[in-house]
file upload-v5.cif (mmCIF, C-alpha atoms and all ligand atoms)
data_start
loop_
_atom_site.label_atom_id
_atom_site.label_comp_id
_atom_site.auth_asym_id
_atom_site.auth_seq_id
_atom_site.Cartn_x
_atom_site.Cartn_y
_atom_site.Cartn_z
CA MET E 1 129.92 98.37 78.88
CA SER E 2 130.50 101.43 81.02
CA ASN E 3 127.13 103.13 80.72
CA ILE E 4 124.72 103.62 83.58
CA LEU E 5 121.06 102.62 83.25
CA VAL E 6 118.47 104.35 85.44
CA ILE E 7 115.21 102.45 85.87
CA ALA E 8 112.33 104.94 85.91
CA GLU E 9 109.37 104.66 88.22
CA LEU E 10 106.01 106.08 87.20
CA GLY E 11 103.00 107.00 89.31
CA THR E 12 99.58 105.45 88.66
CA ASP E 13 98.91 108.54 86.46
CA LYS E 14 102.10 107.69 84.49
CA SER E 15 103.90 110.78 85.74
CA LEU E 16 107.60 110.46 86.43
CA LYS E 17 108.21 109.96 90.15
CA LYS E 18 110.61 112.40 91.79
CA ALA E 19 112.55 109.45 93.21
CA THR E 20 113.66 108.63 89.64
CA LEU E 21 115.42 111.99 89.40
CA THR E 22 117.30 111.28 92.63
CA ALA E 23 118.57 108.05 91.02
CA VAL E 24 119.65 110.16 88.01
CA THR E 25 121.80 112.25 90.36
CA PHE E 26 123.57 109.08 91.53
CA ALA E 27 123.85 107.88 87.91
CA ARG E 28 125.55 111.10 86.79
CA GLU E 29 128.19 110.70 89.49
CA ALA E 30 128.58 107.00 88.59
CA ALA E 31 129.01 107.93 84.90
CA LYS E 32 131.89 110.26 85.80
CA ARG E 33 133.58 107.31 87.47
CA THR E 34 133.00 104.76 84.69
CA GLY E 35 133.43 107.22 81.82
CA GLY E 36 130.05 106.18 80.37
CA LYS E 37 126.78 107.84 79.49
CA VAL E 38 123.53 107.93 81.46
CA HIS E 39 120.70 105.93 79.91
CA ALA E 40 117.23 105.36 81.33
CA LEU E 41 114.54 102.74 80.89
CA VAL E 42 110.85 103.60 81.03
CA MET E 43 108.48 100.61 81.19
CA GLY E 44 104.72 100.50 80.87
CA LYS E 45 101.98 100.99 78.30
CA GLY E 46 101.55 104.41 76.68
CA VAL E 47 104.64 105.92 78.28
CA ALA E 48 105.77 108.36 75.56
CA THR E 49 105.10 111.39 77.77
CA PRO E 50 107.21 110.37 80.79
CA ALA E 51 109.90 109.06 78.41
CA GLY E 52 110.02 112.49 76.74
CA GLU E 53 110.20 114.13 80.15
CA LEU E 54 113.07 111.90 81.26
CA ALA E 55 115.00 112.65 78.05
CA LYS E 56 115.59 116.13 79.50
CA TYR E 57 117.78 114.53 82.16
CA VAL E 58 119.71 111.67 80.51
CA ASP E 59 121.54 110.90 77.25
CA VAL E 60 119.30 108.08 76.00
CA VAL E 61 115.85 106.87 77.09
CA HIS E 62 114.80 103.32 76.15
CA THR E 63 111.05 102.78 76.20
CA ALA E 64 109.67 99.31 76.71
CA ASP E 65 106.11 100.26 75.80
CA GLN E 66 103.91 97.18 75.60
CA ALA E 67 100.79 95.61 77.09
CA GLY E 68 102.70 93.05 79.20
CA LEU E 69 104.32 95.90 81.12
CA GLU E 70 101.18 97.91 81.81
CA ALA E 71 101.00 96.78 85.44
CA PRO E 72 104.10 97.11 87.62
CA VAL E 73 104.68 93.40 88.25
CA ALA E 74 108.23 92.44 89.25
CA GLU E 75 108.59 89.43 86.97
CA PRO E 76 108.05 91.06 83.52
CA TYR E 77 109.72 94.27 84.70
CA ALA E 78 112.87 92.37 85.68
CA THR E 79 112.91 90.74 82.22
CA ALA E 80 112.61 94.18 80.62
CA ILE E 81 115.40 95.55 82.80
CA LYS E 82 117.66 92.73 81.63
CA ALA E 83 116.84 93.64 78.03
CA GLY E 84 117.39 97.33 78.81
CA ALA E 85 120.78 96.58 80.35
CA GLY E 86 121.82 94.84 77.12
CA ALA E 87 120.48 97.58 74.84
CA SER E 88 122.18 100.34 76.80
CA GLN E 89 125.41 98.41 77.34
CA ALA E 90 125.12 99.27 80.98
CA GLN E 91 127.69 98.33 83.57
CA VAL E 92 125.62 99.82 86.38
CA ILE E 93 121.84 99.53 86.76
CA VAL E 94 120.32 101.89 89.29
CA MET E 95 116.84 102.44 90.65
CA ALA E 96 115.52 104.35 93.65
CA ALA E 97 114.96 102.14 96.71
CA THR E 98 111.22 102.78 96.81
CA ASN E 99 108.78 99.95 97.53
CA HIS E 100 108.62 99.33 93.77
CA GLY E 101 112.41 99.42 93.42
CA LYS E 102 112.81 97.01 96.32
CA ASP E 103 110.35 94.64 94.63
CA VAL E 104 111.79 94.70 91.14
CA LEU E 105 115.53 95.26 91.37
CA PRO E 106 116.75 92.16 93.25
CA ARG E 107 114.96 89.98 90.69
CA ALA E 108 116.64 91.91 87.86
CA ALA E 109 120.03 91.49 89.57
CA ALA E 110 119.46 87.74 89.77
CA LEU E 111 118.53 87.57 86.05
CA LEU E 112 121.68 89.52 85.19
CA GLY E 113 123.88 87.43 87.50
CA ALA E 114 124.94 90.74 89.04
CA GLY E 115 125.94 91.69 92.56
CA MET E 116 123.68 94.25 94.18
CA ALA E 117 124.07 96.95 96.82
CA SER E 118 120.80 98.23 98.22
CA ASP E 119 119.82 101.50 99.90
CA VAL E 120 123.03 103.18 98.79
CA ILE E 121 123.55 106.70 100.14
CA GLY E 122 126.66 107.74 98.20
CA PHE E 123 130.17 106.91 97.09
CA ASP E 124 133.04 106.40 99.46
CA GLY E 125 135.94 108.48 98.21
CA SER E 126 136.31 110.74 95.23
CA ALA E 127 137.20 107.95 92.75
CA GLY E 128 136.54 104.24 92.31
CA PHE E 129 133.26 102.47 92.91
CA GLN E 130 132.99 101.88 96.63
CA LEU E 131 129.49 102.53 97.91
CA LYS E 132 128.17 103.62 101.27
CA ARG E 133 124.99 102.13 102.72
CA PRO E 134 123.40 102.30 106.17
CA ILE E 135 123.09 99.20 108.30
CA GLN E 136 121.86 98.63 111.88
CA ALA E 137 118.96 101.12 111.53
CA GLY E 138 121.35 103.75 110.18
CA ASN E 139 123.68 103.63 113.20
CA VAL E 140 126.54 102.19 111.13
CA ILE E 141 127.54 103.11 107.60
CA ALA E 142 129.08 100.23 105.66
CA THR E 143 131.36 100.63 102.65
CA VAL E 144 130.74 97.94 100.05
CA GLU E 145 132.14 97.06 96.65
CA ILE E 146 130.27 95.00 94.05
CA THR E 147 132.72 92.59 92.47
CA THR E 148 130.69 91.46 89.44
CA ASP E 149 131.17 93.26 86.09
CA THR E 150 127.51 94.28 86.01
CA LYS E 151 126.51 96.10 89.16
CA VAL E 152 122.98 96.69 90.43
CA VAL E 153 122.40 99.52 92.87
CA SER E 154 119.31 100.80 94.63
CA THR E 155 119.67 104.32 95.96
CA ARG E 156 117.96 105.87 98.97
CA PRO E 157 115.89 108.72 97.48
CA THR E 158 116.24 110.97 100.52
CA GLU E 159 120.03 111.06 100.20
CA PHE E 160 120.22 112.54 96.71
CA ASP E 161 118.81 115.79 95.33
CA ALA E 162 116.53 115.49 92.33
CA ALA E 163 118.62 116.05 89.18
CA ALA E 164 118.23 119.27 87.23
CA PRO E 165 117.59 118.96 83.47
CA SER E 166 120.72 118.52 81.31
CA ALA E 167 121.87 121.16 78.83
CA GLY E 168 120.74 119.15 75.76
CA ALA E 169 117.83 116.76 75.30
CA GLY E 170 118.56 113.03 75.12
CA THR E 171 117.24 110.66 72.48
CA VAL E 172 114.32 108.26 72.94
CA GLN E 173 114.63 104.73 71.54
CA PRO E 174 111.99 102.00 71.53
CA LEU E 175 112.95 98.70 73.13
CA ALA E 176 110.98 95.59 72.20
CA VAL E 177 111.09 93.04 75.00
CA GLU E 178 110.36 89.34 74.58
CA LEU E 179 108.64 88.70 77.90
CA GLY E 180 108.05 84.97 77.46
CA PRO E 181 105.77 82.91 79.69
CA GLN E 182 105.07 84.55 83.06
CA LYS E 183 104.53 82.84 86.40
CA THR E 184 102.69 85.79 87.95
CA ARG E 185 99.61 87.60 86.70
CA PHE E 186 98.36 91.08 87.56
CA VAL E 187 94.89 90.97 89.12
CA LYS E 188 94.11 94.48 90.40
CA LEU E 189 95.53 97.53 92.07
CA ASP E 190 93.79 99.25 94.98
CA PRO E 191 95.62 102.58 95.14
CA VAL E 192 95.41 104.75 98.21
CA VAL E 193 93.36 107.74 97.10
CA SER E 194 94.29 110.82 99.07
CA GLU E 195 94.01 114.56 98.61
CA ARG E 196 97.23 114.92 100.54
CA PRO E 197 100.74 114.88 99.11
CA ASP E 198 102.50 111.52 98.99
CA LEU E 199 104.43 110.88 102.22
CA THR E 200 107.75 110.29 100.48
CA ASP E 201 107.42 113.29 98.12
CA ALA E 202 105.87 115.84 100.51
CA ARG E 203 107.66 119.09 101.36
CA VAL E 204 106.11 119.05 104.84
CA VAL E 205 105.30 116.00 106.98
CA VAL E 206 103.36 116.13 110.23
CA SER E 207 103.78 112.91 112.20
CA GLY E 208 102.05 111.75 115.33
CA GLY E 209 102.86 109.18 117.99
CA ARG E 210 101.37 107.39 120.95
CA GLY E 211 101.12 110.71 122.79
CA PHE E 212 97.77 111.30 121.04
CA LYS E 213 96.27 108.52 123.21
CA ASP E 214 93.75 107.27 120.65
CA ALA E 215 92.78 107.22 116.97
CA GLU E 216 90.09 109.85 117.35
CA ASN E 217 92.45 112.42 118.89
CA PHE E 218 95.05 111.63 116.26
CA LYS E 219 92.64 112.41 113.44
CA LYS E 220 90.98 115.37 115.15
CA LEU E 221 94.26 117.13 116.00
CA ILE E 222 96.70 116.18 113.22
CA GLU E 223 94.45 116.67 110.19
CA PRO E 224 93.73 120.40 110.68
CA LEU E 225 97.46 121.03 111.15
CA ALA E 226 98.35 119.04 108.04
CA ASP E 227 95.63 120.92 106.11
CA LYS E 228 97.11 124.29 107.11
CA LEU E 229 100.59 123.24 106.00
CA ASN E 230 99.54 121.21 102.93
CA ALA E 231 101.44 118.39 104.62
CA ALA E 232 101.48 114.61 104.37
CA ILE E 233 100.64 112.77 107.58
CA GLY E 234 103.05 110.24 109.06
CA ALA E 235 102.98 108.14 112.19
CA SER E 236 105.18 106.15 114.53
CA ARG E 237 104.98 102.40 114.51
CA ALA E 238 103.24 102.43 117.90
CA VAL E 239 100.33 104.23 116.26
CA VAL E 240 100.26 101.88 113.28
CA ASP E 241 100.46 98.80 115.52
CA ALA E 242 97.56 100.16 117.58
CA GLY E 243 95.52 100.29 114.36
CA TRP E 244 94.88 104.04 114.50
CA VAL E 245 96.21 104.57 110.97
CA PRO E 246 97.12 102.31 108.02
CA ASN E 247 100.70 101.05 107.85
CA ASP E 248 101.55 102.99 104.70
CA MET E 249 101.77 106.01 107.02
CA GLN E 250 104.55 104.54 109.15
CA VAL E 251 107.84 106.41 109.17
CA GLY E 252 110.98 104.61 110.24
CA GLN E 253 113.26 101.64 109.84
CA THR E 254 110.41 99.31 108.97
CA GLY E 255 108.27 102.05 107.41
CA LYS E 256 109.00 104.82 104.96
CA VAL E 257 112.15 106.89 104.83
CA VAL E 258 111.28 110.57 104.38
CA ALA E 259 113.37 113.73 104.11
CA PRO E 260 111.00 116.68 103.75
CA ASP E 261 111.96 120.33 104.20
CA LEU E 262 109.98 120.31 107.44
CA TYR E 263 109.18 117.31 109.69
CA ILE E 264 107.00 117.95 112.73
CA ALA E 265 107.05 115.07 115.25
CA ILE E 266 104.26 115.32 117.79
CA GLY E 267 103.91 112.98 120.77
CA ILE E 268 106.69 110.81 119.36
CA SER E 269 109.48 109.77 121.73
CA GLY E 270 112.20 109.50 119.06
CA ALA E 271 113.17 105.82 119.23
CA ILE E 272 116.13 105.05 116.92
CA GLN E 273 113.87 102.99 114.65
CA HIS E 274 111.67 106.05 114.09
CA VAL E 275 114.58 108.44 113.72
CA ALA E 276 116.10 106.14 111.05
CA GLY E 277 113.20 107.12 108.81
CA MET E 278 113.24 110.90 109.23
CA LYS E 279 116.60 112.15 110.40
CA GLY E 280 117.47 113.36 106.87
CA SER E 281 114.68 115.98 107.10
CA LYS E 282 115.98 119.52 106.60
CA THR E 283 114.25 121.03 109.63
CA ILE E 284 112.88 118.91 112.47
CA VAL E 285 110.37 120.26 114.96
CA ALA E 286 109.36 118.20 118.01
CA ILE E 287 106.46 118.70 120.38
CA ASN E 288 106.59 116.49 123.45
CA LYS E 289 105.62 116.98 127.07
CA ASP E 290 108.74 115.14 128.28
CA ALA E 291 111.80 117.41 128.08
CA GLU E 292 114.02 114.29 128.24
CA ALA E 293 112.44 112.64 125.17
CA PRO E 294 115.20 111.53 122.75
CA ILE E 295 113.46 113.28 119.83
CA PHE E 296 114.78 116.59 121.20
CA GLN E 297 118.36 115.42 120.56
CA ILE E 298 117.80 115.59 116.82
CA ALA E 299 115.20 118.38 116.69
CA ASP E 300 116.14 121.82 115.36
CA TYR E 301 113.21 123.31 117.26
CA GLY E 302 111.67 121.70 120.32
CA LEU E 303 108.54 122.61 122.20
CA VAL E 304 108.10 121.01 125.62
CA ALA E 305 104.33 121.14 125.87
CA ASP E 306 101.13 119.16 126.12
CA LEU E 307 100.16 118.41 122.53
CA PHE E 308 96.45 118.66 123.35
CA LYS E 309 97.02 122.35 124.03
CA ALA E 310 99.91 123.11 121.67
CA VAL E 311 98.52 121.63 118.45
CA PRO E 312 95.16 123.50 118.44
CA GLU E 313 97.06 126.70 119.32
CA LEU E 314 99.45 126.13 116.44
CA VAL E 315 96.56 125.56 114.04
CA GLU E 316 94.89 128.73 115.22
CA LYS E 317 98.07 130.80 114.82
CA LEU E 318 98.75 129.37 111.36
C1 LIG L 401 112.74 95.95 114.74
C2 LIG L 401 111.97 97.20 115.09
C3 LIG L 401 111.57 98.04 114.07
C4 LIG L 401 110.85 99.21 114.37
N1 LIG L 401 110.49 100.05 113.35
C5 LIG L 401 109.89 101.22 113.66
C6 LIG L 401 109.54 102.16 112.64
O1 LIG L 401 109.74 101.93 111.44
N2 LIG L 401 108.96 103.32 113.01
C7 LIG L 401 108.69 103.64 114.32
O2 LIG L 401 108.15 104.74 114.57
N3 LIG L 401 108.99 102.76 115.30
C8 LIG L 401 109.57 101.56 114.99
N4 LIG L 401 109.82 100.68 115.99
C9 LIG L 401 109.27 100.95 117.34
C10 LIG L 401 110.07 101.92 118.16
O3 LIG L 401 111.09 101.23 118.86
C11 LIG L 401 109.17 102.65 119.19
O4 LIG L 401 108.53 101.69 120.00
C12 LIG L 401 108.12 103.55 118.56
O5 LIG L 401 108.70 104.40 117.61
C13 LIG L 401 107.45 104.37 119.66
O6 LIG L 401 106.40 105.13 119.12
P1 LIG L 401 105.97 106.49 119.83
O7 LIG L 401 107.14 107.42 119.88
O8 LIG L 401 104.73 106.93 119.16
O9 LIG L 401 105.54 106.00 121.29
P2 LIG L 401 106.23 106.19 122.69
O10 LIG L 401 107.63 105.74 122.68
O11 LIG L 401 105.29 105.59 123.68
O12 LIG L 401 106.27 107.77 122.89
C14 LIG L 401 105.15 108.58 123.07
C15 LIG L 401 105.66 109.98 123.37
O13 LIG L 401 104.56 110.87 123.48
C16 LIG L 401 104.83 111.77 124.52
N5 LIG L 401 103.56 112.25 125.04
C17 LIG L 401 102.62 111.56 125.73
N6 LIG L 401 101.56 112.34 126.01
C18 LIG L 401 101.83 113.55 125.49
C19 LIG L 401 101.14 114.80 125.47
N7 LIG L 401 99.91 114.91 126.02
N8 LIG L 401 101.71 115.84 124.85
C20 LIG L 401 102.96 115.75 124.30
N9 LIG L 401 103.66 114.59 124.29
C21 LIG L 401 103.11 113.51 124.88
C22 LIG L 401 105.62 111.00 125.55
O14 LIG L 401 106.42 111.86 126.36
C23 LIG L 401 106.47 110.08 124.65
O15 LIG L 401 107.74 110.67 124.38
C24 LIG L 401 110.54 99.50 115.71
C25 LIG L 401 110.95 98.65 116.72
C26 LIG L 401 111.66 97.50 116.43
C27 LIG L 401 112.09 96.61 117.53
#
call {"tool": "encode", "arguments": {"input": "upload-v5.cif", "output": "structure tokens", "more": "lines below"}}
Ligand SMILES: Cc1cc2nc3c(=O)[nH]c(=O)nc-3n(C[C@H](O)[C@H](O)[C@H](O)COP(=O)(O)OP(=O)(O)OC[C@H]3O[C@@H](n4cnc5c(N)ncnc54)[C@H](O)[C@@H]3O)c2cc1C
result
Amino acid sequence: MSNILVIAELGTDKSLKKATLTAVTFAREAAKRTGGKVHALVMGKGVATPAGELAKYVDVVHTADQAGLEAPVAEPYATAIKAGAGASQAQVIVMAATNHGKDVLPRAAALLGAGMASDVIGFDGSAGFQLKRPIQAGNVIATVEITTDTKVVSTRPTEFDAAAPSAGAGTVQPLAVELGPQKTRFVKLDPVVSERPDLTDARVVVSGGRGFKDAENFKKLIEPLADKLNAAIGASRAVVDAGWVPNDMQVGQTGKVVAPDLYIAIGISGAIQHVAGMKGSKTIVAINKDAEAPIFQIADYGLVADLFKAVPELVEKL
């Protein structure tokens, strides 16, 4: 029982989400510590393609491919994860702490009677199984140890690189899951349809704050810049609370955690709750008219300027 089981997450087009490969990176390190192999579980209906893709990264892929798992509903998924944990003889079950992971994994932990550490950012020490996770909006890093034999871990995708393919291909094994009676039923999914890259996967994120003054300015100024950079658009909570943009664009402690190559924060003061969601970005650029704004403390490049002048100029130069 020393194997590691990675729970895969698929997009609505059934492609493998990049976050899954960041969980594989954690799993490989965990496998070194337990002396086990890395398995993965792909759930859904018609998932042979992503399962084959994932086999390039792990030793064994289990595919729970059946109608009852077509929609990503936590209840049947948790049942399948329990079955996957048994089939793979896993001691550690890991999934990226995406919205989906946060929905499914605690239920699976409960079914397995396992302790769980969420939002894990790495191991503490070079051996053993002590885990680091941020608390207090990322201002304190806690070290935790799960004391149950089976351990469930959700990993923060921005803290791990996506795994590279392994030298040899893994095997793919079907897993039949007895789902039993369900208390929840899938009704419909209204996906956000956007031409832009997904906020959590994007290489470049352009984010705006209250400095834009209103929704119209936000749209008029940010969109051309995001278009030039093929960027996703993010926002501070102030902007979301004001109703200028939908809340799936919020970056921060109570929004999404992003770590793109380039994060451009415009008219955002840099409150700790916002910074908690973007401080892992490789390069941070801030545009703010207030030279004392806290965002400049974490920015690699700062421009003290009026955004209404600076942003159109930037678009023009780009
Ligand atoms: C429990 C809790 C959770 C929270 N979670 C989040 C979260 O997930 N994400 C989040 O973002 N916030 C979160 N917040 C809110 C957070 O504390 C801040 O209130 C929020 O981030 C402020 O948004 P802002 O920077 O857009 O606005 P402000 O703080 O009002 O800053 C606006 C900035 O724009 C600048 N500005 C104004 N005009 C111009 C101009 N013409 N040109 C250039 N710059 C200009 C100003 O100098 C200022 O720095 C949370 C708060 C709490 C209590």
call {"tool": "closest_residue", "arguments": {"input": "upload-v5.cif", "among": "E:Val193, E:Ala137, E:Leu314, E:Ala109", "to": "ligand LIG 401 (chain L)", "atoms": "all atoms listed in the file"}}
result
E:Ala137
call {"tool": "residues_around", "arguments": {"input": "upload-v5.cif", "residues": "Lys18 of chain E", "least_positions_apart": "5", "cutoff": "10 Å", "atoms": "only C-alpha atoms", "output": "ChimeraX atom specification"}}
result
/E:8-11,23,96,157,161-163,200-201
call {"tool": "write_last_selection", "arguments": {"input": "upload-v5.cif", "atoms": "C-alpha atoms", "output": "mmCIF file, in the coordinates of the input"}}
result
data_model
loop_
_atom_site.group_PDB
_atom_site.id
_atom_site.type_symbol
_atom_site.label_atom_id
_atom_site.label_comp_id
_atom_site.auth_asym_id
_atom_site.auth_seq_id
_atom_site.Cartn_x
_atom_site.Cartn_y
_atom_site.Cartn_z
ATOM 1 C CA ALA E 8 112.330 104.940 85.910
ATOM 2 C CA GLU E 9 109.370 104.660 88.220
ATOM 3 C CA LEU E 10 106.010 106.080 87.200
ATOM 4 C CA GLY E 11 103.000 107.000 89.310
ATOM 5 C CA ALA E 23 118.570 108.050 91.020
ATOM 6 C CA ALA E 96 115.520 104.350 93.650
ATOM 7 C CA PRO E 157 115.890 108.720 97.480
ATOM 8 C CA ASP E 161 118.810 115.790 95.330
ATOM 9 C CA ALA E 162 116.530 115.490 92.330
ATOM 10 C CA ALA E 163 118.620 116.050 89.180
ATOM 11 C CA THR E 200 107.750 110.290 100.480
ATOM 12 C CA ASP E 201 107.420 113.290 98.120
#
call {"tool": "atom_distance", "arguments": {"input": "upload-v5.cif", "atom1": "atom CA of Val38 of chain E", "atom2": "atom CA of Gly277 of chain E"}}
result
29.2 Å
call {"tool": "residues_near_ligand", "arguments": {"input": "upload-v5.cif", "ligand": "ligand LIG 401 (chain L)", "cutoff": "9 Å", "atoms": "all atoms listed in the file", "output": "compact mmCIF listing (two decimals) with C-alpha atoms, keeping the file's coordinate frame"}}
result
# COMPACT_ATOMS: atom_id res chain seq x y z
CA ALA E 137 118.96 101.12 111.53
CA GLY E 208 102.05 111.75 115.33
CA GLY E 209 102.86 109.18 117.99
CA ARG E 210 101.37 107.39 120.95
CA GLY E 211 101.12 110.71 122.79
CA PHE E 212 97.77 111.30 121.04
CA LYS E 213 96.27 108.52 123.21
CA ALA E 235 102.98 108.14 112.19
CA SER E 236 105.18 106.15 114.53
CA ARG E 237 104.98 102.40 114.51
CA ALA E 238 103.24 102.43 117.90
CA VAL E 239 100.33 104.23 116.26
CA VAL E 240 100.26 101.88 113.28
CA GLN E 250 104.55 104.54 109.15
CA VAL E 251 107.84 106.41 109.17
CA GLY E 252 110.98 104.61 110.24
CA GLN E 253 113.26 101.64 109.84
CA THR E 254 110.41 99.31 108.97
CA GLY E 255 108.27 102.05 107.41
CA LYS E 256 109.00 104.82 104.96
CA VAL E 257 112.15 106.89 104.83
CA ALA E 265 107.05 115.07 115.25
CA ILE E 266 104.26 115.32 117.79
CA GLY E 267 103.91 112.98 120.77
CA ILE E 268 106.69 110.81 119.36
CA SER E 269 109.48 109.77 121.73
CA GLY E 270 112.20 109.50 119.06
CA ALA E 271 113.17 105.82 119.23
CA ILE E 272 116.13 105.05 116.92
CA GLN E 273 113.87 102.99 114.65
CA HIS E 274 111.67 106.05 114.09
CA VAL E 275 114.58 108.44 113.72
CA ALA E 276 116.10 106.14 111.05
CA GLY E 277 113.20 107.12 108.81
CA ILE E 287 106.46 118.70 120.38
CA ASN E 288 106.59 116.49 123.45
CA LYS E 289 105.62 116.98 127.07
CA ASP E 290 108.74 115.14 128.28
CA ALA E 291 111.80 117.41 128.08
CA GLU E 292 114.02 114.29 128.24
CA ALA E 293 112.44 112.64 125.17
CA PRO E 294 115.20 111.53 122.75
CA ILE E 295 113.46 113.28 119.83
CA VAL E 304 108.10 121.01 125.62
CA ALA E 305 104.33 121.14 125.87
CA ASP E 306 101.13 119.16 126.12
CA LEU E 307 100.16 118.41 122.53
CA PHE E 308 96.45 118.66 123.35
CA LYS E 309 97.02 122.35 124.03
CA ALA E 310 99.91 123.11 121.67
call {"tool": "residues_around", "arguments": {"input": "upload-v5.cif", "residues": "segment 141-149 of chain E", "least_positions_apart": "6", "cutoff": "7 Å", "atoms": "all atoms listed in the file", "output": "short mmCIF file (atom, residue, chain, number, x, y, z; two decimals) with C-alpha atoms, in the coordinates of the input"}}
result
data_model
loop_
_atom_site.label_atom_id
_atom_site.label_comp_id
_atom_site.auth_asym_id
_atom_site.auth_seq_id
_atom_site.Cartn_x
_atom_site.Cartn_y
_atom_site.Cartn_z
CA GLN E 91 127.69 98.33 83.57
CA ALA E 114 124.94 90.74 89.04
CA GLY E 115 125.94 91.69 92.56
CA MET E 116 123.68 94.25 94.18
CA ASP E 124 133.04 106.40 99.46
CA PHE E 129 133.26 102.47 92.91
CA GLN E 130 132.99 101.88 96.63
CA LEU E 131 129.49 102.53 97.91
CA LYS E 132 128.17 103.62 101.27
CA ARG E 133 124.99 102.13 102.72
CA PRO E 134 123.40 102.30 106.17
CA ILE E 135 123.09 99.20 108.30
#
call {"tool": "residues_near_point", "arguments": {"input": "upload-v5.cif", "point": "(122.3, 86.6, 82.6)", "cutoff": "12 Å", "atoms": "only C-alpha atoms", "output": "JSON, numbers by chain"}}
result
{"E": [78, 79, 81, 82, 83, 85, 86, 107, 108, 109, 110, 111, 112, 113, 114, 115, 148, 149, 150]}
call {"tool": "closest_residue", "arguments": {"input": "upload-v5.cif", "among": "E:Gly125, E:Pro76, E:Pro165, E:Pro174", "to": "Thr63 of chain E", "atoms": "all atoms listed in the file"}}
result
E:Pro174
call {"tool": "closest_residue", "arguments": {"input": "upload-v5.cif", "among": "E:Phe123, E:Tyr77, E:Tyr263, E:Phe296", "to": "Glu159 of chain E", "atoms": "only C-alpha atoms"}}
result
E:Phe123
call {"tool": "closest_residue", "arguments": {"input": "upload-v5.cif", "among": "E:Ile222, E:Leu229, E:Val204, E:Val187", "to": "Met278 of chain E", "atoms": "only C-alpha atoms"}}
result
E:Val204
call {"tool": "residues_around", "arguments": {"input": "upload-v5.cif", "residues": "Asp198 of chain E", "least_positions_apart": "5", "cutoff": "10 Å", "atoms": "only C-alpha atoms", "output": "NGL selection string"}}
result
:E and (192 or 203 or 205 or 231-233 or 249)
call {"tool": "write_last_selection", "arguments": {"input": "upload-v5.cif", "atoms": "C-alpha atoms", "output": "CSV table (one decimal), keeping the file's coordinate frame"}}
result
chain,number,residue,atom,x,y,z
E,192,VAL,CA,95.4,104.8,98.2
E,203,ARG,CA,107.7,119.1,101.4
E,205,VAL,CA,105.3,116.0,107.0
E,231,ALA,CA,101.4,118.4,104.6
E,232,ALA,CA,101.5,114.6,104.4
E,233,ILE,CA,100.6,112.8,107.6
E,249,MET,CA,101.8,106.0,107.0
call {"tool": "atom_distance", "arguments": {"input": "upload-v5.cif", "atom1": "atom CA of Ser15 of chain E", "atom2": "atom CA of Pro50 of chain E"}}
result
6.0 Å
call {"tool": "residues_around", "arguments": {"input": "upload-v5.cif", "residues": "Glu75 of chain E", "least_positions_apart": "3", "cutoff": "10 Å", "atoms": "all atoms listed in the file", "output": "list of chain:residue names"}}
result
E:Leu69, E:Pro72, E:Ala78, E:Thr79, E:Ala80, E:Asp103, E:Val104, E:Arg107, E:Ala108, E:Leu179, E:Gln182, E:Lys183, E:Thr184, E:Arg185
call {"tool": "atom_distance", "arguments": {"input": "upload-v5.cif", "atom1": "atom CA of Ile121 of chain E", "atom2": "atom CA of Ser2 of chain E"}}
result
21.0 Å
